[in-house]
There are 2 protein chains.
Amino acid sequence: MKVGNKNYTTIWEDENNPGVIHVIDQRWLPHKFIIECLTSVDDVVKAIKEMHVRGAPLIGITAAYGIYLSAIEAKKNGLGINFIFESAEKIKSSRPTAKNLFWAIDEMLSILSNYQNLDKIIPFAQLISNEMADSDVEDCKNIGEHGFQIIKDIANKKSRGIESYPPTINILTHCNAGWLATVDYGTATAPIYIAHERGIKLHVWVDETRPRNQGAKLTAWELGENGIPHTVIIDNAGGHLMQKGMVDLVLVGSDRTTSSGDVANKIGTNLKALSAFDNNIPFYVALPSSTIDWDIEKGEDIPIEIRNPDEVRYVDGLNNNEIVNVLIPPETSPALNYAFDVTPSRLVTGLITERGICKANKESIADLFPDKVVKP
Amino acid sequence: MKVGNKNYTTIWEDENNPGVIHVIDQRWLPHKFIIECLTSVDDVVKAIKEMHVRGAPLIGITAAYGIYLSAIEAKKNGLGINFIFESAEKIKSSRPTAKNLFWAIDEMLSILSNYQNLDKIIPFAQLISNEMADSDVEDCKNIGEHGFQIIKDIANKKSRGIESYPPTINILTHCNAGWLATVDYGTATAPIYIAHERGIKLHVWVDETRPRNQGAKLTAWELGENGIPHTVIIDNAGGHLMQKGMVDLVLVGSDRTTSSGDVANKIGTNLKALSAFDNNIPFYVALPSSTIDWDIEKGEDIPIEIRNPDEVRYVDGLNNNEIVNVLIPPETSPALNYAFDVTPSRLVTGLITERGICKANKESIADLFPDKVVKP
């Protein structure tokens, strides 16, 4: 997507320096646009753990490149193939909730384990990680196409009997499930970008998404750079807006989806789902099937990451052109920082996947992905 | 309540200088404890509008003192009694949602309008505003006693069949309905302070309460100063904690309550009410009857204040021992800042008033306040 007038993806290998992976260091957005080079497994672990890159799909792709880098490192330092498997464990331990992290690494390992020779493994690892990145872009485009139909239908419905045409479709989103959370297009934002491109009048309510403010910082920034009208709101505001008829659709991403359609996403998502349900507003989750955990049926079994409480106690932002960290509560007050919550499937109108839209239940998901369902 | 080892109320007239009203300038808490003097109507309007004082009950009492100050000003500057009525309008226009503001001013005016002479009005105004402050303290104490019974019942229930005794009762609160929002004790906090005093083991989940963070800044501070165990959480976290059985009771205040029990309170309250309802957790609203608007039946008819969007875009906190303001979203992204939302009565387990506990419906409220109901 666009940054200024230039098109970017969130992750790419340097054209002239194989083994140098570029990412946008998202910690500095929206105030600074900084590109970082990852050249080792440690770089990758740090980038995921400290959230230079974040968003389930992008975490997965970054992890895949991490496996590629581990093969290069193994060769350079005269280490055995085992270094790749050790690195895989290390990368897997960087964050616990996003399914794609484990999925991407397991995919890489299962293919690479056919080869015993680093000279063969390296080009294969390069190829597969690049293919995974391309496939993520493809998935997001497809999610965008399927989700576009939902927006189009709402626009058609809303345009009946109103005076100003076209009507503005108000979409509320939580956190960043934008192109910054994927390689390109995004999951929840893909339908928005496509609908905007095709002339549907849109406005996005952007939940700021405490504690790390990915909504205010990332979603607002990427929507702004790509010309989408939007308004930043506090996470507390969505219920009121929904009551007042100011939201036509809630569209969020997923970090892990169970085989029966429960959705783990950024903490606070389930409060928006409750309000959407209470106000009869469609609540859709956009996700590539790589976020689906076929081994887990119940949302309560998804491990929920607890992060550093100082992410709650401190807020960073721009002051006098510098990024400054400020303390909000009393120095002596403790905080607790769950990073995700689970939205039960009964509150989800539907899942928008790369293969199409399905209901958030076991049968409907299995119908769309018969090849992936784990047989009991 | 206590600040360090000293007892304070939030507002008091200077013992040696009649007509000098002291308040705690709450904008600097928890990082700085600053006491401010109000000596004119303009001081009062500014203090309410810019939230040096906040919380529906305290706004009401401050407004009452404002009428007292207007009488002194009228005399000092040789103005007529009309100055009092003009000042009343000015103070009323400072904030739109809290019912107590209008209630307190109307009470003052209706009594003072019996007198034509400033020399008589001034001591009466002093007397009435002091009495109103005392009566607010009394109301909060009574709310505390009634609410204590709810906490005690939950503690009794929870203690059955568990191993560790006494059990910890986890209470979630939103915003600050503490002593800082009243003259003393608070509304939602009064039952907590009393239960703590009487040996019930408590822990309070403090919603930080964006955008102005009254939870993280004020509630955490006052609970800490008074020895109540608490943990600051983001506003997004409550749903997850309730799903996980980590909340026994939700207890909030009210800025305006309709005659049928709909509750306007700090924005975000209705999301917690939805989650409490969904998880079968009691959701109580503590309020002095001065927040009840007997003329309004439906919550949707309560005017909801829209404040400066920069309250959303900027966050202030402590950095290097100074209060610093930082910008979160892109400079170019707009924000919207509704200050309150309405929780429909169907989600409210009960109202805790100074006269006792009632259901959030017309009949039950009228039973408790037969003298106040507006006859059609």
# chains A, B, ... in the order shown; residues from 1 in each chain; ligands from 1
call {"tool": "residues_around", "arguments": {"residues": "segment 212-222 of chain A", "least_positions_apart": "5", "cutoff": "9 Å", "atoms": "only C-alpha atoms", "output": "ChimeraX atom specification"}}
result
/A:1-3,26,28-31,173-180,189,204,206-207,227-228,230-234,311-312,315-316 /B:313,328-330,332-333
call {"tool": "write_last_selection", "arguments": {"atoms": "N, CA, C and O atoms", "output": "short mmCIF file (atom, residue, chain, number, x, y, z; two decimals), in the first residue's frame"}}
result
data_model
loop_
_atom_site.label_atom_id
_atom_site.label_comp_id
_atom_site.auth_asym_id
_atom_site.auth_seq_id
_atom_site.Cartn_x
_atom_site.Cartn_y
_atom_site.Cartn_z
N MET A 1 0.85 -1.18 0.00
CA MET A 1 0.00 0.00 0.00
C MET A 1 0.89 1.25 0.00
O MET A 1 2.11 1.17 0.07
N LYS A 2 0.22 2.42 -0.06
CA LYS A 2 0.98 3.66 -0.23
C LYS A 2 1.51 4.24 1.08
O LYS A 2 0.81 4.29 2.10
N VAL A 3 2.74 4.72 1.00
CA VAL A 3 3.30 5.59 2.03
C VAL A 3 3.78 6.80 1.24
O VAL A 3 4.69 6.68 0.43
N GLN A 26 7.66 -0.81 13.15
CA GLN A 26 6.35 -0.18 13.37
C GLN A 26 6.24 0.53 14.71
O GLN A 26 5.25 1.22 14.97
N TRP A 28 7.75 3.04 15.65
CA TRP A 28 7.92 4.48 15.52
C TRP A 28 6.80 5.15 14.73
O TRP A 28 6.76 6.38 14.63
N LEU A 29 5.94 4.35 14.15
CA LEU A 29 4.81 4.93 13.41
C LEU A 29 3.80 5.50 14.40
O LEU A 29 3.68 4.98 15.50
N PRO A 30 3.05 6.52 14.05
CA PRO A 30 3.01 7.21 12.76
C PRO A 30 4.04 8.33 12.66
O PRO A 30 4.13 8.99 11.63
N HIS A 31 4.80 8.50 13.73
CA HIS A 31 5.60 9.73 13.79
C HIS A 31 6.91 9.63 13.01
O HIS A 31 7.42 10.62 12.52
N THR A 173 -13.38 -0.44 13.35
CA THR A 173 -12.37 -1.49 13.46
C THR A 173 -11.55 -1.31 14.73
O THR A 173 -11.43 -0.21 15.27
N HIS A 174 -11.03 -2.42 15.22
CA HIS A 174 -10.28 -2.44 16.48
C HIS A 174 -8.87 -2.89 16.17
O HIS A 174 -8.66 -3.79 15.37
N CYS A 175 -7.90 -2.27 16.78
CA CYS A 175 -6.49 -2.61 16.59
C CYS A 175 -6.08 -2.36 15.14
O CYS A 175 -6.70 -1.55 14.45
N ASN A 176 -5.02 -3.00 14.69
CA ASN A 176 -4.62 -2.87 13.30
C ASN A 176 -4.61 -4.23 12.65
O ASN A 176 -3.77 -5.08 12.95
N ALA A 177 -5.62 -4.45 11.81
CA ALA A 177 -5.62 -5.62 10.94
C ALA A 177 -5.49 -5.10 9.53
O ALA A 177 -6.19 -5.48 8.62
N GLY A 178 -4.57 -4.17 9.38
CA GLY A 178 -4.35 -3.46 8.12
C GLY A 178 -3.19 -4.06 7.35
O GLY A 178 -2.69 -5.13 7.70
N TRP A 179 -2.75 -3.35 6.31
CA TRP A 179 -1.64 -3.91 5.53
C TRP A 179 -0.40 -4.03 6.40
O TRP A 179 0.44 -4.90 6.18
N LEU A 180 -0.32 -3.19 7.44
CA LEU A 180 0.83 -3.25 8.34
C LEU A 180 0.86 -4.54 9.16
O LEU A 180 1.88 -4.90 9.73
N THR A 189 -8.77 -4.55 6.64
CA THR A 189 -8.77 -3.34 5.79
C THR A 189 -8.89 -3.67 4.30
O THR A 189 -9.25 -2.79 3.52
N VAL A 204 -14.19 5.29 8.43
CA VAL A 204 -13.78 4.27 9.39
C VAL A 204 -13.61 4.88 10.78
O VAL A 204 -12.92 5.89 10.95
N VAL A 206 -11.82 4.40 14.04
CA VAL A 206 -10.60 3.69 14.42
C VAL A 206 -10.47 3.66 15.94
O VAL A 206 -10.18 4.67 16.57
N ASP A 207 -10.71 2.49 16.54
CA ASP A 207 -10.46 2.32 17.98
C ASP A 207 -8.98 2.57 18.24
O ASP A 207 -8.13 1.95 17.60
N GLY A 227 -5.78 7.57 1.73
CA GLY A 227 -6.91 8.42 1.36
C GLY A 227 -8.27 7.99 1.90
O GLY A 227 -9.31 8.39 1.35
N ILE A 228 -8.31 7.16 2.96
CA ILE A 228 -9.60 6.71 3.49
C ILE A 228 -10.03 7.63 4.64
O ILE A 228 -9.32 7.74 5.65
N HIS A 230 -11.40 8.80 8.03
CA HIS A 230 -11.44 8.04 9.28
C HIS A 230 -11.43 9.01 10.47
O HIS A 230 -11.06 10.17 10.33
N THR A 231 -11.83 8.50 11.61
CA THR A 231 -11.83 9.27 12.85
C THR A 231 -11.32 8.37 13.97
O THR A 231 -11.80 7.24 14.11
N VAL A 232 -10.38 8.87 14.73
CA VAL A 232 -9.86 8.10 15.87
C VAL A 232 -10.82 8.27 17.05
O VAL A 232 -11.26 9.38 17.36
N ILE A 233 -11.15 7.15 17.70
CA ILE A 233 -11.98 7.20 18.91
C ILE A 233 -11.31 6.39 20.01
O ILE A 233 -10.48 5.53 19.73
N ILE A 234 -11.67 6.68 21.24
CA ILE A 234 -11.18 5.85 22.33
C ILE A 234 -11.91 4.50 22.28
O ILE A 234 -13.01 4.40 21.72
N GLU A 311 3.40 -1.53 29.72
CA GLU A 311 2.70 -1.12 28.49
C GLU A 311 1.37 -0.44 28.84
O GLU A 311 0.86 0.37 28.05
N VAL A 312 0.80 -0.79 29.99
CA VAL A 312 -0.43 -0.15 30.45
C VAL A 312 -0.11 1.15 31.19
O VAL A 312 -0.78 2.16 31.00
N VAL A 315 2.51 5.53 28.35
CA VAL A 315 2.04 5.75 26.98
C VAL A 315 3.13 6.53 26.26
O VAL A 315 3.68 7.49 26.83
N ASP A 316 3.45 6.13 25.03
CA ASP A 316 4.41 6.95 24.30
C ASP A 316 3.75 7.68 23.15
O ASP A 316 2.76 7.22 22.58
N ARG B 313 -6.60 12.70 21.27
CA ARG B 313 -5.36 12.66 20.48
C ARG B 313 -4.10 12.78 21.34
O ARG B 313 -3.05 12.25 21.00
N ILE B 328 -0.67 10.95 20.11
CA ILE B 328 -0.67 9.53 19.75
C ILE B 328 -0.87 9.31 18.24
O ILE B 328 -0.02 8.75 17.59
N PRO B 329 -2.00 9.72 17.66
CA PRO B 329 -2.22 9.41 16.23
C PRO B 329 -1.48 10.39 15.33
O PRO B 329 -0.86 11.34 15.82
N PRO B 330 -1.55 10.14 14.02
CA PRO B 330 -0.95 11.10 13.09
C PRO B 330 -1.55 12.49 13.32
O PRO B 330 -2.75 12.62 13.60
N THR B 332 -2.55 14.53 11.34
CA THR B 332 -3.64 14.84 10.42
C THR B 332 -4.92 14.03 10.67
O THR B 332 -5.93 14.27 10.03
N SER B 333 -4.89 13.05 11.59
CA SER B 333 -6.08 12.22 11.82
C SER B 333 -7.02 12.90 12.81
O SER B 333 -6.62 13.25 13.92
#
call {"tool": "calpha_fit_rmsd", "arguments": {"fixed": "chain A", "moving": "chain B"}}
result
0.0 Å
call {"tool": "select_by_dssp", "arguments": {"residues": "segment 42-230 of chain B", "states": "helix (DSSP H, G or I)", "output": "ChimeraX atom specification"}}
result
/B:42-49,56-76,82-92,99-112,118-159,179-181,189-197,214-225
call {"tool": "closest_atom_pairs", "arguments": {"of": "segment 194-256 of chain A", "to": "segment 277-301 of chain B", "cutoff": "12 Å", "atoms": "only C-alpha atoms", "output": "CSV"}}
result
residue,atom,partner,partner_atom,distance
A:His240,CA,B:Glu300,CA,10.4
A:Gln243,CA,B:Glu300,CA,9.1
A:Lys244,CA,B:Glu300,CA,8.7
A:Gly245,CA,B:Glu300,CA,12.0
call {"tool": "write_last_selection", "arguments": {"atoms": "N, CA and C atoms", "output": "mmCIF file, in the first residue's frame"}}
result
data_model
loop_
_atom_site.group_PDB
_atom_site.id
_atom_site.type_symbol
_atom_site.label_atom_id
_atom_site.label_comp_id
_atom_site.auth_asym_id
_atom_site.auth_seq_id
_atom_site.Cartn_x
_atom_site.Cartn_y
_atom_site.Cartn_z
ATOM 1 N N HIS A 240 -21.364 3.478 22.436
ATOM 2 C CA HIS A 240 -22.222 4.650 22.240
ATOM 3 C C HIS A 240 -22.509 4.879 20.757
ATOM 4 N N GLN A 243 -25.014 2.351 19.579
ATOM 5 C CA GLN A 243 -26.366 2.673 20.063
ATOM 6 C C GLN A 243 -27.002 3.783 19.228
ATOM 7 N N LYS A 244 -26.170 4.726 18.799
ATOM 8 C CA LYS A 244 -26.676 5.904 18.091
ATOM 9 C C LYS A 244 -26.822 5.673 16.594
ATOM 10 N N GLY A 245 -26.603 4.435 16.144
ATOM 11 C CA GLY A 245 -26.766 4.154 14.708
ATOM 12 C C GLY A 245 -25.643 4.706 13.853
#
call {"tool": "closest_residue", "arguments": {"among": "B:Glu208, B:Glu305, B:Glu363, B:Glu73", "to": "chain A", "atoms": "only C-alpha atoms"}}
result
B:Glu208
call {"tool": "closest_residue", "arguments": {"among": "A:Ile150, A:Val348, A:Ile267, A:Cys37", "to": "Ile194 of chain A", "atoms": "only C-alpha atoms"}}
result
A:Ile150
call {"tool": "residues_around", "arguments": {"residues": "Gly60 of chain B", "least_positions_apart": "6", "cutoff": "10 Å", "atoms": "only C-alpha atoms", "output": "PyMOL selection string"}}
result
chain B and resi 48+54+66+92+98-105+129+132-133+136+182+290-291
call {"tool": "closest_residue", "arguments": {"among": "B:His146, B:Lys272, B:Lys375, B:Arg95", "to": "chain A", "atoms": "only C-alpha atoms"}}
result
B:Lys272
call {"tool": "residues_around", "arguments": {"residues": "Asn319 of chain A", "least_positions_apart": "6", "cutoff": "10 Å", "atoms": "only C-alpha atoms", "output": "list in words"}}
result
Asn325 of chain A; Tyr314, Val324, Asn325, Val326, Leu327 and Ile328 of chain B
call {"tool": "closest_residue", "arguments": {"among": "B:Pro344, B:Gly317, B:Gly356, B:Gly350", "to": "chain A", "atoms": "only C-alpha atoms"}}
result
B:Gly317
call {"tool": "select_by_dssp", "arguments": {"residues": "segment 16-205 of chain B", "states": "strand (DSSP E or B)", "output": "ChimeraX atom specification"}}
result
/B:21-24,35-38,169-173,202-205
call {"tool": "atom_distance", "arguments": {"atom1": "atom CA of Lys75 of chain B", "atom2": "atom CA of Val20 of chain B"}}
result
15.2 Å
call {"tool": "residues_around", "arguments": {"residues": "Ile91 of chain A", "least_positions_apart": "4", "cutoff": "7 Å", "atoms": "only C-alpha atoms", "output": "list in words"}}
result
Val45, Ala63 and Ser87 of chain A
